[in-house]
>>> print(open('structure-v1.txt').read())   # compact mmCIF, C-alpha atoms
# COMPACT_ATOMS: atom_id res chain seq x y z
CA MET A 1 -29.12 5.45 -9.47
CA LEU A 2 -25.71 5.98 -11.15
CA SER A 3 -24.13 6.95 -7.83
CA TYR A 4 -25.60 3.84 -6.22
CA LEU A 5 -24.26 1.62 -9.02
CA ILE A 6 -20.80 3.14 -8.62
CA ASP A 7 -20.92 2.67 -4.85
CA PHE A 8 -22.07 -0.93 -5.15
CA SER A 9 -19.38 -1.69 -7.75
CA ASN A 10 -16.84 -0.12 -5.43
CA PHE A 11 -18.12 -2.26 -2.57
CA MET A 12 -17.87 -5.52 -4.51
CA LEU A 13 -14.49 -4.67 -6.06
CA ARG A 14 -13.10 -3.77 -2.65
CA TRP A 15 -14.31 -7.13 -1.34
CA LEU A 16 -12.65 -8.98 -4.22
CA HIS A 17 -9.49 -6.91 -3.77
CA VAL A 18 -9.26 -7.71 -0.06
CA ILE A 19 -9.96 -11.43 -0.59
CA ALA A 20 -7.32 -11.69 -3.33
CA ALA A 21 -4.81 -9.68 -1.28
CA ILE A 22 -5.32 -11.88 1.79
CA ALA A 23 -4.82 -15.00 -0.33
CA TRP A 24 -1.72 -13.63 -2.08
CA ILE A 25 -0.06 -12.13 0.98
CA GLY A 26 -0.95 -15.14 3.12
CA GLU A 27 0.59 -17.54 0.63
CA SER A 28 3.65 -15.31 0.24
CA ILE A 29 4.20 -15.10 4.00
CA TYR A 30 3.71 -18.85 4.31
CA PHE A 31 6.33 -19.68 1.70
CA VAL A 32 8.84 -17.25 3.22
CA MET A 33 8.24 -18.93 6.57
CA LEU A 34 8.62 -22.35 4.96
CA ASP A 35 11.78 -21.41 3.09
CA ASN A 36 13.44 -19.95 6.18
CA GLY A 37 12.29 -22.77 8.46
CA LEU A 38 13.69 -25.67 6.43
CA LYS A 39 16.05 -28.06 8.19
CA SER A 40 18.61 -30.31 6.55
CA PRO A 41 16.99 -33.72 5.94
CA LYS A 42 18.07 -36.48 8.32
CA ASP A 43 17.15 -39.30 5.97
CA GLU A 44 20.04 -40.32 3.73
CA ASN A 45 17.65 -41.34 0.94
CA CYS A 46 16.16 -37.85 0.90
CA ARG A 47 19.60 -36.28 0.57
CA LYS A 48 20.44 -38.62 -2.29
CA LYS A 49 17.26 -37.57 -4.06
CA GLY A 50 18.40 -33.94 -3.91
CA VAL A 51 16.24 -32.75 -1.00
CA PHE A 52 17.82 -29.53 0.26
CA GLY A 53 15.62 -29.00 3.30
CA GLU A 54 12.43 -30.18 4.96
CA MET A 55 9.87 -29.09 7.52
CA TRP A 56 7.42 -31.06 9.57
CA ALA A 57 4.31 -29.22 10.71
CA VAL A 58 0.98 -29.92 12.35
CA HIS A 59 -2.19 -28.02 11.52
CA GLY A 60 -5.89 -28.73 11.72
CA GLY A 61 -5.40 -32.16 13.21
CA GLY A 62 -3.06 -33.35 10.46
CA PHE A 63 0.70 -33.63 9.93
CA TYR A 64 2.52 -32.15 6.95
CA HIS A 65 5.96 -32.92 5.55
CA ASN A 66 7.32 -30.24 3.18
CA GLN A 67 10.50 -30.81 1.20
CA LYS A 68 12.53 -28.45 -0.98
CA TYR A 69 14.78 -29.73 -3.76
CA ALA A 70 18.03 -27.91 -4.49
CA THR A 71 18.38 -29.82 -7.76
CA SER A 72 15.91 -31.46 -10.10
CA PRO A 73 13.67 -34.06 -8.48
CA GLU A 74 13.47 -37.39 -10.27
CA LYS A 75 10.10 -36.50 -11.75
CA LEU A 76 7.88 -33.44 -11.80
CA PRO A 77 4.14 -34.07 -11.38
CA ASP A 78 1.71 -32.84 -14.00
CA ASP A 79 -0.39 -31.07 -11.35
CA LEU A 80 2.42 -28.78 -10.16
CA HIS A 81 0.99 -25.90 -8.12
CA TRP A 82 1.68 -22.39 -9.43
CA SER A 83 1.19 -19.17 -7.50
CA PHE A 84 0.31 -16.20 -9.66
CA TRP A 85 -3.43 -15.64 -10.15
CA LYS A 86 -3.82 -14.26 -6.65
CA ALA A 87 -1.18 -11.64 -7.42
CA TYR A 88 -2.77 -10.67 -10.74
CA THR A 89 -6.29 -10.54 -9.28
CA THR A 90 -5.11 -8.32 -6.42
CA TRP A 91 -3.51 -5.81 -8.78
CA LEU A 92 -6.32 -5.83 -11.36
CA SER A 93 -9.07 -5.37 -8.77
CA GLY A 94 -7.03 -2.64 -7.05
CA PHE A 95 -6.50 -0.82 -10.33
CA ALA A 96 -10.21 -1.08 -11.12
CA LEU A 97 -10.97 0.47 -7.72
CA PHE A 98 -8.53 3.28 -8.45
CA ILE A 99 -10.31 4.00 -11.73
CA ILE A 100 -13.75 4.10 -10.10
CA LEU A 101 -12.77 6.01 -6.98
CA TYR A 102 -10.15 8.42 -8.29
CA MET A 103 -10.00 8.56 -12.08
CA PHE A 104 -13.74 9.07 -12.54
CA ASN A 105 -13.41 12.36 -10.63
CA PRO A 106 -9.72 13.33 -10.76
CA GLY A 107 -10.26 17.04 -10.16
CA PHE A 108 -11.83 16.11 -6.86
CA TYR A 109 -9.59 13.27 -5.71
CA LEU A 110 -6.23 13.57 -7.50
CA VAL A 111 -5.42 17.24 -8.01
CA ASN A 112 -3.58 18.95 -5.16
CA PRO A 113 -4.63 22.63 -5.28
CA ASN A 114 -2.37 23.38 -2.31
CA SER A 115 0.77 22.07 -4.02
CA SER A 116 3.76 24.40 -3.91
CA TRP A 117 4.36 23.37 -7.51
CA GLU A 118 2.17 25.68 -9.55
CA TRP A 119 1.79 23.33 -12.49
CA ALA A 120 0.60 20.54 -10.16
CA ALA A 121 -1.88 22.81 -8.38
CA ASN A 122 -3.37 23.89 -11.71
CA MET A 123 -3.66 20.49 -13.38
CA THR A 124 -6.88 19.60 -15.12
CA GLY A 125 -8.60 16.30 -14.40
CA TRP A 126 -7.36 14.49 -17.48
CA GLN A 127 -3.81 15.72 -16.87
CA ALA A 128 -3.97 14.32 -13.32
CA ASN A 129 -5.17 10.97 -14.68
CA VAL A 130 -2.33 10.79 -17.20
CA LEU A 131 0.19 11.80 -14.55
CA ALA A 132 -1.10 9.15 -12.12
CA LEU A 133 -0.78 6.38 -14.74
CA THR A 134 2.67 7.65 -15.74
CA PHE A 135 3.68 7.72 -12.08
CA LEU A 136 2.77 4.04 -11.67
CA LEU A 137 4.52 3.02 -14.89
CA LEU A 138 7.70 4.97 -14.16
CA GLY A 139 7.78 3.59 -10.63
CA TRP A 140 7.99 0.05 -12.02
CA VAL A 141 10.47 0.99 -14.77
CA VAL A 142 12.87 2.74 -12.38
CA TYR A 143 12.68 -0.08 -9.82
CA ASN A 144 13.16 -2.76 -12.47
CA GLU A 145 16.13 -0.99 -14.04
CA MET A 146 17.73 -0.60 -10.62
CA CYS A 147 17.43 -4.33 -10.05
CA LYS A 148 18.89 -5.09 -13.48
CA HIS A 149 21.85 -2.72 -13.22
CA ILE A 150 22.76 -2.63 -9.52
CA SER A 151 22.54 -6.37 -8.85
CA PRO A 152 22.10 -8.20 -12.17
CA ASN A 153 23.64 -11.42 -10.83
CA MET A 154 22.11 -11.06 -7.34
CA GLU A 155 25.58 -10.41 -5.87
CA ARG A 156 24.92 -6.86 -4.65
CA ASP A 157 21.43 -7.18 -3.22
CA GLY A 158 22.41 -5.24 -0.10
CA LEU A 159 23.34 -2.21 -2.19
CA LEU A 160 20.18 -2.69 -4.23
CA SER A 161 18.08 -2.64 -1.04
CA ILE A 162 19.56 0.73 -0.12
CA GLY A 163 18.79 2.00 -3.61
CA VAL A 164 15.17 0.81 -3.42
CA ALA A 165 14.80 2.45 0.02
CA ILE A 166 16.04 5.77 -1.37
CA MET A 167 13.71 5.38 -4.33
CA MET A 168 10.70 4.99 -2.02
CA VAL A 169 11.61 8.20 -0.15
CA VAL A 170 11.73 10.01 -3.49
CA VAL A 171 8.40 8.45 -4.55
CA ALA A 172 6.81 9.52 -1.25
CA TYR A 173 8.04 13.10 -1.69
CA LEU A 174 7.01 13.41 -5.33
CA SER A 175 3.57 11.91 -4.76
CA THR A 176 2.71 14.39 -2.00
CA GLN A 177 3.78 17.31 -4.17
CA MET A 178 1.91 16.24 -7.27
CA PHE A 179 -1.29 14.71 -5.88
CA SER A 180 -3.78 15.31 -3.08
CA GLY A 181 -2.77 13.77 0.24
CA ARG A 182 -5.00 10.71 0.19
CA ALA A 183 -4.16 9.95 -3.44
CA ALA A 184 -0.45 10.44 -2.72
CA PHE A 185 -0.44 7.73 -0.04
CA LEU A 186 -2.47 5.42 -2.24
CA LEU A 187 -0.27 5.94 -5.30
CA THR A 188 2.92 5.37 -3.33
CA GLY A 189 1.45 2.09 -2.12
CA ALA A 190 0.34 1.34 -5.67
CA VAL A 191 3.90 1.85 -6.96
CA MET A 192 5.07 -0.89 -4.60
CA ALA A 193 2.05 -3.08 -5.34
CA THR A 194 2.65 -2.69 -9.08
CA ALA A 195 6.28 -3.69 -8.62
CA MET A 196 5.16 -6.73 -6.63
CA SER A 197 2.71 -7.93 -9.28
CA ALA A 198 5.10 -7.10 -12.11
CA ASN A 199 7.85 -9.06 -10.36
CA VAL A 200 5.56 -12.08 -10.45
CA PHE A 201 4.44 -11.50 -14.05
CA PHE A 202 7.75 -10.56 -15.70
CA TRP A 203 10.36 -12.38 -13.64
CA ILE A 204 9.24 -14.95 -11.07
CA ILE A 205 6.75 -16.98 -13.14
CA PRO A 206 8.65 -16.82 -16.47
CA GLY A 207 11.83 -17.90 -14.65
CA GLN A 208 10.01 -20.78 -13.00
CA ARG A 209 8.54 -21.86 -16.34
CA ARG A 210 12.03 -21.91 -17.89
CA ILE A 211 13.30 -23.98 -14.96
CA VAL A 212 10.45 -26.50 -15.31
CA LYS A 213 10.91 -26.67 -19.09
CA ALA A 214 14.63 -27.37 -18.71
CA MET A 215 14.05 -30.03 -16.04
CA LYS A 216 11.46 -31.85 -18.15
CA ALA A 217 13.88 -31.79 -21.09
CA GLY A 218 16.63 -33.27 -18.94
CA GLU A 219 18.66 -30.06 -19.16
CA THR A 220 20.34 -28.06 -16.41
CA PRO A 221 18.27 -24.97 -15.51
CA ASN A 222 19.88 -21.54 -15.59
CA PRO A 223 20.71 -20.84 -11.93
CA LEU A 224 20.10 -17.13 -12.48
CA ASP A 225 16.38 -17.82 -12.96
CA GLY A 226 16.13 -19.25 -9.47
CA LYS A 227 18.28 -16.51 -7.93
CA ARG A 228 16.38 -13.75 -9.67
CA GLY A 229 13.04 -15.19 -8.64
CA LYS A 230 14.30 -15.36 -5.07
CA GLN A 231 15.51 -11.74 -5.23
CA ARG A 232 12.17 -10.40 -6.44
CA SER A 233 10.25 -12.57 -3.95
CA VAL A 234 12.33 -11.11 -1.12
CA HIS A 235 11.52 -7.59 -2.31
CA ASN A 236 7.83 -8.49 -2.41
CA THR A 237 8.07 -9.73 1.17
CA TYR A 238 9.39 -6.40 2.46
CA PHE A 239 6.89 -4.40 0.42
CA THR A 240 3.94 -6.30 1.92
CA LEU A 241 3.35 -4.55 5.25
CA PRO A 242 3.98 -1.01 3.93
CA VAL A 243 1.58 -1.60 1.03
CA VAL A 244 -1.19 -2.80 3.35
CA LEU A 245 -0.68 0.23 5.60
CA LEU A 246 -0.77 2.72 2.72
CA MET A 247 -3.88 1.11 1.28
CA ILE A 248 -5.80 1.66 4.53
CA SER A 249 -4.35 5.15 5.12
CA ASN A 250 -7.20 6.95 3.34
CA HIS A 251 -9.21 6.77 6.57
CA TYR A 252 -6.68 8.83 8.54
CA SER A 253 -6.30 12.42 7.37
CA PHE A 254 -3.82 13.39 10.11
CA ALA A 255 -1.15 11.53 8.10
CA TYR A 256 -1.82 12.54 4.50
CA SER A 257 -2.92 16.13 5.20
CA HIS A 258 0.22 17.07 7.14
CA ALA A 259 2.81 19.44 5.69
CA TYR A 260 5.41 16.69 6.12
CA ALA A 261 3.18 13.87 4.92
CA TRP A 262 5.99 12.45 2.80
CA VAL A 263 8.21 12.11 5.88
CA ILE A 264 5.42 10.39 7.81
CA MET A 265 4.86 8.08 4.84
CA ALA A 266 8.56 7.20 4.52
CA LEU A 267 8.85 6.48 8.24
CA LEU A 268 5.84 4.16 8.13
CA ILE A 269 7.20 2.36 5.04
CA PHE A 270 10.52 1.68 6.77
CA SER A 271 8.81 0.66 10.01
CA GLY A 272 6.77 -1.94 8.11
CA ALA A 273 9.89 -3.32 6.43
CA LEU A 274 11.74 -3.55 9.77
CA ILE A 275 8.85 -5.35 11.46
CA ARG A 276 8.62 -7.76 8.53
CA GLN A 277 12.36 -8.44 8.85
CA TYR A 278 11.83 -9.59 12.42
CA PHE A 279 9.37 -12.26 11.31
CA VAL A 280 11.56 -13.34 8.39
CA LEU A 281 14.48 -13.93 10.76
CA MET A 282 12.24 -15.51 13.40
CA HIS A 283 11.19 -18.19 10.92
CA ALA A 284 14.88 -18.97 10.47
CA GLY A 285 15.26 -19.42 14.22
CA LYS A 286 16.85 -16.02 14.84
CA ILE A 287 15.13 -13.76 17.35
CA ARG A 288 16.17 -10.14 16.80
CA PRO A 289 13.92 -7.86 18.88
CA GLY A 290 15.91 -4.84 17.73
CA TYR A 291 14.04 -4.85 14.41
CA PRO A 292 10.48 -4.46 15.76
CA ALA A 293 11.82 -2.04 18.39
CA ALA A 294 13.30 0.12 15.63
CA GLY A 295 10.05 -0.16 13.68
CA VAL A 296 8.01 0.99 16.66
CA LEU A 297 10.46 3.85 17.20
CA LEU A 298 9.90 5.04 13.64
CA ILE A 299 6.14 4.81 14.18
CA MET A 300 6.48 6.97 17.31
CA VAL A 301 8.52 9.53 15.37
CA ALA A 302 5.77 9.59 12.73
CA PHE A 303 3.21 10.03 15.51
CA TRP A 304 5.20 12.96 16.94
CA ILE A 305 5.54 14.66 13.55
CA GLY A 306 1.85 14.21 12.77
CA MET A 307 0.67 15.47 16.14
CA PRO A 308 -1.56 18.53 15.52
CA ALA A 309 -0.57 21.86 17.00
CA ASN A 310 -2.84 23.30 19.67
CA GLN A 311 -5.13 25.33 17.49
CA GLN A 312 -6.90 26.76 20.46
CA ALA A 313 -3.93 28.10 22.42
CA ASN A 314 -5.03 31.67 21.93
CA ALA A 315 -8.71 31.04 21.57
CA GLY A 316 -10.19 29.54 24.74
CA ALA A 317 -13.75 29.84 25.84
CA GLU A 318 -13.61 33.61 25.55
CA SER A 319 -13.06 33.49 21.80
CA GLY A 320 -16.72 34.19 21.30
CA THR A 321 -17.16 31.58 18.57
CA ASP A 322 -20.80 30.55 18.49
CA ILE A 323 -21.77 27.02 17.49
CA ALA A 324 -24.46 28.56 15.31
CA ASP A 325 -21.74 30.34 13.29
CA VAL A 326 -19.76 27.12 12.95
CA GLN A 327 -22.86 25.23 11.86
CA ALA A 328 -23.61 27.91 9.26
CA VAL A 329 -20.14 27.51 7.72
CA ILE A 330 -20.42 23.73 7.69
CA GLU A 331 -23.88 23.97 6.14
CA GLN A 332 -22.56 26.18 3.35
CA ARG A 333 -19.19 24.51 2.70
CA CYS A 334 -19.49 20.86 3.77
CA VAL A 335 -23.05 19.57 3.72
CA ALA A 336 -23.25 19.22 -0.06
CA CYS A 337 -21.26 16.01 0.42
CA HIS A 338 -21.56 15.30 4.14
CA ALA A 339 -25.31 14.83 4.38
CA GLN A 340 -27.65 11.88 4.72
CA SER A 341 -28.71 12.57 1.13
CA PRO A 342 -25.73 14.34 -0.51
CA ALA A 343 -26.48 16.96 -3.15
CA GLN A 344 -23.00 16.67 -4.65
CA PRO A 345 -23.03 14.49 -7.81
CA GLY A 346 -21.16 11.23 -7.39
CA PHE A 347 -22.17 10.62 -3.78
CA SER A 348 -25.03 8.33 -2.82
CA ALA A 349 -24.11 8.44 0.87
CA PRO A 350 -22.05 10.76 3.11
CA PRO A 351 -18.27 10.15 2.81
CA ALA A 352 -17.03 7.93 5.63
CA GLY A 353 -20.56 8.04 7.05
CA PHE A 354 -20.10 11.60 8.39
CA ALA A 355 -23.38 13.49 7.93
CA TYR A 356 -23.07 17.09 9.11
CA ASP A 357 -26.65 18.10 8.44
CA ASN A 358 -27.09 16.89 12.01
CA LEU A 359 -25.79 19.07 14.88
CA GLU A 360 -25.13 16.04 17.06
CA GLN A 361 -22.79 14.62 14.41
CA ILE A 362 -20.98 17.96 14.11
CA LEU A 363 -20.34 18.06 17.85
CA HIS A 364 -19.29 14.40 17.92
CA HIS A 365 -16.67 14.92 15.18
CA LYS A 366 -15.49 18.34 16.34
CA GLU A 367 -11.76 17.54 16.57
CA SER A 368 -11.73 15.71 13.24
CA ILE A 369 -13.51 18.61 11.53
CA GLN A 370 -11.05 21.14 12.96
CA GLN A 371 -8.09 19.03 11.90
CA VAL A 372 -9.02 18.50 8.27
CA VAL A 373 -10.24 22.09 7.86
CA ALA A 374 -7.09 23.58 9.43
CA SER A 375 -4.83 21.43 7.24
CA GLY A 376 -6.67 22.55 4.11
CA TYR A 377 -7.50 18.98 3.17
CA MET A 378 -11.21 19.66 3.44
CA PRO A 379 -13.24 20.61 1.56
CA LEU A 380 -11.56 18.46 -1.10
CA GLY A 381 -9.95 20.74 -3.63
CA ASN A 382 -11.72 23.56 -1.76
CA MET A 383 -14.47 23.18 -4.33
CA THR A 384 -16.90 25.04 -2.07
CA ASN A 385 -14.47 27.98 -1.68
CA MET A 386 -14.10 27.96 2.10
CA THR A 387 -12.32 31.17 3.11
CA ASP A 388 -9.39 31.58 5.50
CA GLU A 389 -11.69 33.47 7.87
CA GLU A 390 -14.09 30.53 7.92
CA ARG A 391 -11.23 28.12 8.59
CA GLY A 392 -10.10 30.36 11.45
CA LEU A 393 -13.60 30.44 12.88
CA ILE A 394 -13.77 26.63 12.93
CA GLY A 395 -10.26 26.50 14.45
CA GLU A 396 -11.33 28.86 17.29
CA TRP A 397 -14.45 26.84 18.03
CA SER A 398 -14.01 25.65 21.61
CA GLU A 399 -17.41 24.39 22.70
>>> encode(input="structure-v1.txt", output="structure tokens")
Amino acid sequence: MLSYLIDFSNFMLRWLHVIAAIAWIGESIYFVMLDNGLKSPKDENCRKKGVFGEMWAVHGGGFYHNQKYATSPEKLPDDLHWSFWKAYTTWLSGFALFIILYMFNPGFYLVNPNSSWEWAANMTGWQANVLALTFLLLGWVVYNEMCKHISPNMERDGLLSIGVAIMMVVVAYLSTQMFSGRAAFLLTGAVMATAMSANVFFWIIPGQRRIVKAMKAGETPNPLDGKRGKQRSVHNTYFTLPVVLLMISNHYSFAYSHAYAWVIMALLIFSGALIRQYFVLMHAGKIRPGYPAAGVLLIMVAFWIGMPANQQANAGAESGTDIADVQAVIEQRCVACHAQSPAQPGFSAPPAGFAYDNLEQILHHKESIQQVVASGYMPLGNMTNMTDEERGLIGEWSE
């Protein structure tokens, strides 16, 4: 019953997380599009009122007229729309999912027993939990300090962007050394997602509140509040696609179980940022196909790096590997979790729906089984003590 309750909670939290993320990201993308698509107002009265730009749009059978003020409008309405709860809900629900899925069983999901760093390979569960939380916190602190010191007045944002890009490569490398592959991809995405939510909480919303307060008091707002909010919003825009990709990466072991997983991760992060840049410029009326082309090129490089070696080059049909021997190894080392009714505590259903107490399922997922076993990713943490000989036997399995 406990496993079922955990699974159901996971299910509902994941639903909430996805809904909140769609709402937050959708609104963010919309406002970037709106901001970049504004045209100088043609009406002289609008310009006199301080309207900086406007956009006419049609949607759902209706017409919309959006206006942006460069200075204070004559009067602010009491029902001013604020955008922040979607961001907070996304982060809080995601963090709750991380606690349930990873921190409840850190020895299984966080610890990387194959790490070349001995201390990381030998971490206990509670040490892995503390390290994961520290990793998230330090990620935000380092990013925030870079923003404050490299471009405090938003005059060196280009240099800051390079610094943030280098930081993400370092984060990708460190995460894959300290944590298991799937957790490493998730935590790298979580570092960016934490920065995004923290940008909203610590900088964007407080700055907007100070601007509104000054305007209502008839005072001139601090221009740095607007510039800083814009800077952090731009960062959030370029984080968006990489974060979404990393959050769905746990379904694809070829990426996070590879020896150069951190390189694959970095390439995919940069590809997402490049593709996002294309759409940002497109909304401003600038078509730059070089950006998505470069993004696709990076994806293809990641694909090439992640491509599995031919494990059967020297095996062939004459290897003599019997399916009965393979099934015996899977029964002993894998079926505790991957069964219709798992015996392993914490599982109420087979992970990813793969139940290997059925020969048909084993044959159907042959290539996937060989891949994750050869990489050492499965069994997780090698908790069932699969030997190198058994891994070799599965690798030589041809039919």
>>> axis_aligned_box(input="structure-v1.txt", around="region 364-368 of chain A", padding_each_side="4 Å", output="lines of an AutoDock Vina configuration file")
center_x = -15.5
center_y = 16.4
center_z = 15.6
size_x = 15.6
size_y = 11.9
size_z = 12.7
>>> closest_residue(input="structure-v1.txt", among="A:Ala343, A:Ile162, A:Leu137, A:Val32", to="Thr188 (chain A)", atoms="only C-alpha atoms")
A:Leu137
>>> residues_around(input="structure-v1.txt", residues="region 191-203 of chain A", least_positions_apart="4", cutoff="7 Å", atoms="all atoms listed in the file", output="PyMOL selection string")
chain A and resi 84+87-88+91+136+139-140+187+207+229+232+236+239+243
>>> closest_atom_pairs(input="structure-v1.txt", of="region 216-333 of chain A", to="region 67-78 of chain A", cutoff="9 Å", atoms="only C-alpha atoms", output="Markdown table")
| residue | atom | partner | partner_atom | distance |
| --- | --- | --- | --- | --- |
| A:Lys216 | CA | A:Leu76 | CA | 7.5 |
| A:Thr220 | CA | A:Ser72 | CA | 8.4 |
| A:Pro221 | CA | A:Ser72 | CA | 8.8 |
>>> atom_distance(input="structure-v1.txt", atom1="CA of Pro350 (chain A)", atom2="CA of Gln127 (chain A)")
27.5 Å
>>> residues_around(input="structure-v1.txt", residues="Ser28 (chain A)", least_positions_apart="4", cutoff="10 Å", atoms="only C-alpha atoms", output="mmCIF file with C-alpha atoms, keeping the file's coordinate frame")
data_model
loop_
_atom_site.group_PDB
_atom_site.id
_atom_site.type_symbol
_atom_site.label_atom_id
_atom_site.label_comp_id
_atom_site.auth_asym_id
_atom_site.auth_seq_id
_atom_site.Cartn_x
_atom_site.Cartn_y
_atom_site.Cartn_z
ATOM 1 C CA ILE A 22 -5.320 -11.880 1.790
ATOM 2 C CA ALA A 23 -4.820 -15.000 -0.330
ATOM 3 C CA TRP A 24 -1.720 -13.630 -2.080
ATOM 4 C CA VAL A 32 8.840 -17.250 3.220
ATOM 5 C CA MET A 33 8.240 -18.930 6.570
ATOM 6 C CA LEU A 34 8.620 -22.350 4.960
ATOM 7 C CA SER A 83 1.190 -19.170 -7.500
ATOM 8 C CA ALA A 87 -1.180 -11.640 -7.420
ATOM 9 C CA SER A 233 10.250 -12.570 -3.950
ATOM 10 C CA VAL A 234 12.330 -11.110 -1.120
ATOM 11 C CA ASN A 236 7.830 -8.490 -2.410
ATOM 12 C CA THR A 237 8.070 -9.730 1.170
ATOM 13 C CA THR A 240 3.940 -6.300 1.920
#
>>> closest_residue(input="structure-v1.txt", among="A:Met215, A:Asp35, A:Pro242, A:Gly376", to="Leu281 (chain A)", atoms="all atoms listed in the file")
A:Asp35
>>> closest_residue(input="structure-v1.txt", among="A:Leu38, A:Ala190, A:Leu298, A:Ile6", to="Thr90 (chain A)", atoms="only C-alpha atoms")
A:Ala190
>>> atom_distance(input="structure-v1.txt", atom1="CA of Leu267 (chain A)", atom2="CA of Ala255 (chain A)")
11.2 Å
>>> residues_around(input="structure-v1.txt", residues="region 93-99 of chain A", least_positions_apart="3", cutoff="10 Å", atoms="all atoms listed in the file", output="JSON list (two decimals) with C-alpha atoms, in the coordinates of the input")
[["chain", "number", "residue", "atom", "x", "y", "z"],
["A", 9, "SER", "CA", -19.38, -1.69, -7.75],
["A", 10, "ASN", "CA", -16.84, -0.12, -5.43],
["A", 11, "PHE", "CA", -18.12, -2.26, -2.57],
["A", 12, "MET", "CA", -17.87, -5.52, -4.51],
["A", 13, "LEU", "CA", -14.49, -4.67, -6.06],
["A", 14, "ARG", "CA", -13.10, -3.77, -2.65],
["A", 15, "TRP", "CA", -14.31, -7.13, -1.34],
["A", 16, "LEU", "CA", -12.65, -8.98, -4.22],
["A", 17, "HIS", "CA", -9.49, -6.91, -3.77],
["A", 18, "VAL", "CA", -9.26, -7.71, -0.06],
["A", 20, "ALA", "CA", -7.32, -11.69, -3.33],
["A", 21, "ALA", "CA", -4.81, -9.68, -1.28],
["A", 88, "TYR", "CA", -2.77, -10.67, -10.74],
["A", 89, "THR", "CA", -6.29, -10.54, -9.28],
["A", 90, "THR", "CA", -5.11, -8.32, -6.42],
["A", 102, "TYR", "CA", -10.15, 8.42, -8.29],
["A", 103, "MET", "CA", -10.00, 8.56, -12.08],
["A", 104, "PHE", "CA", -13.74, 9.07, -12.54],
["A", 105, "ASN", "CA", -13.41, 12.36, -10.63],
["A", 106, "PRO", "CA", -9.72, 13.33, -10.76],
["A", 129, "ASN", "CA", -5.17, 10.97, -14.68],
["A", 183, "ALA", "CA", -4.16, 9.95, -3.44],
["A", 186, "LEU", "CA", -2.47, 5.42, -2.24],
["A", 187, "LEU", "CA", -0.27, 5.94, -5.30],
["A", 190, "ALA", "CA", 0.34, 1.34, -5.67],
["A", 193, "ALA", "CA", 2.05, -3.08, -5.34],
["A", 194, "THR", "CA", 2.65, -2.69, -9.08],
["A", 247, "MET", "CA", -3.88, 1.11, 1.28]]
>>> closest_residue(input="structure-v1.txt", among="A:Ala302, A:Leu363, A:Leu380, A:Met386", to="Cys337 (chain A)", atoms="all atoms listed in the file")
A:Leu380
>>> atom_distance(input="structure-v1.txt", atom1="CA of Ala57 (chain A)", atom2="CA of Tyr30 (chain A)")
12.2 Å
>>> residues_around(input="structure-v1.txt", residues="Tyr356 (chain A)", least_positions_apart="2", cutoff="6 Å", atoms="all atoms listed in the file", output="number ranges by chain")
A: 335, 338-339, 358, 361-362
>>> residues_around(input="structure-v1.txt", residues="Trp304 (chain A)", least_positions_apart="2", cutoff="12 Å", atoms="only C-alpha atoms", output="PDB file with C-alpha atoms, in the coordinates of the input")
ATOM      1  CA  PHE A 254      -3.820  13.390  10.110  1.00  0.00           C
ATOM      2  CA  ALA A 255      -1.150  11.530   8.100  1.00  0.00           C
ATOM      3  CA  HIS A 258       0.220  17.070   7.140  1.00  0.00           C
ATOM      4  CA  TYR A 260       5.410  16.690   6.120  1.00  0.00           C
ATOM      5  CA  VAL A 263       8.210  12.110   5.880  1.00  0.00           C
ATOM      6  CA  ILE A 264       5.420  10.390   7.810  1.00  0.00           C
ATOM      7  CA  LEU A 267       8.850   6.480   8.240  1.00  0.00           C
ATOM      8  CA  LEU A 297      10.460   3.850  17.200  1.00  0.00           C
ATOM      9  CA  LEU A 298       9.900   5.040  13.640  1.00  0.00           C
ATOM     10  CA  ILE A 299       6.140   4.810  14.180  1.00  0.00           C
ATOM     11  CA  MET A 300       6.480   6.970  17.310  1.00  0.00           C
ATOM     12  CA  VAL A 301       8.520   9.530  15.370  1.00  0.00           C
ATOM     13  CA  ALA A 302       5.770   9.590  12.730  1.00  0.00           C
ATOM     14  CA  GLY A 306       1.850  14.210  12.770  1.00  0.00           C
ATOM     15  CA  MET A 307       0.670  15.470  16.140  1.00  0.00           C
ATOM     16  CA  PRO A 308      -1.560  18.530  15.520  1.00  0.00           C
ATOM     17  CA  ALA A 309      -0.570  21.860  17.000  1.00  0.00           C
TER      18      ALA A 309
END
>>> closest_residue(input="structure-v1.txt", among="A:Trp397, A:Phe31, A:Trp85, A:Tyr173", to="Asp322 (chain A)", atoms="all atoms listed in the file")
A:Trp397
>>> closest_residue(input="structure-v1.txt", among="A:Gly60, A:Lys86, A:Thr134, A:Ser175", to="Trp117 (chain A)", atoms="all atoms listed in the file")
A:Ser175
>>> residues_near_point(input="structure-v1.txt", point="(16.9, -32.9, 1.2)", cutoff="9 Å", atoms="all atoms listed in the file", output="list in words")
Lys39, Ser40, Pro41, Lys42, Asp43, Glu44, Asn45, Cys46, Arg47, Lys48, Lys49, Gly50, Val51, Phe52, Gly53, Glu54, Gln67, Lys68, Tyr69 and Ala70 of chain A
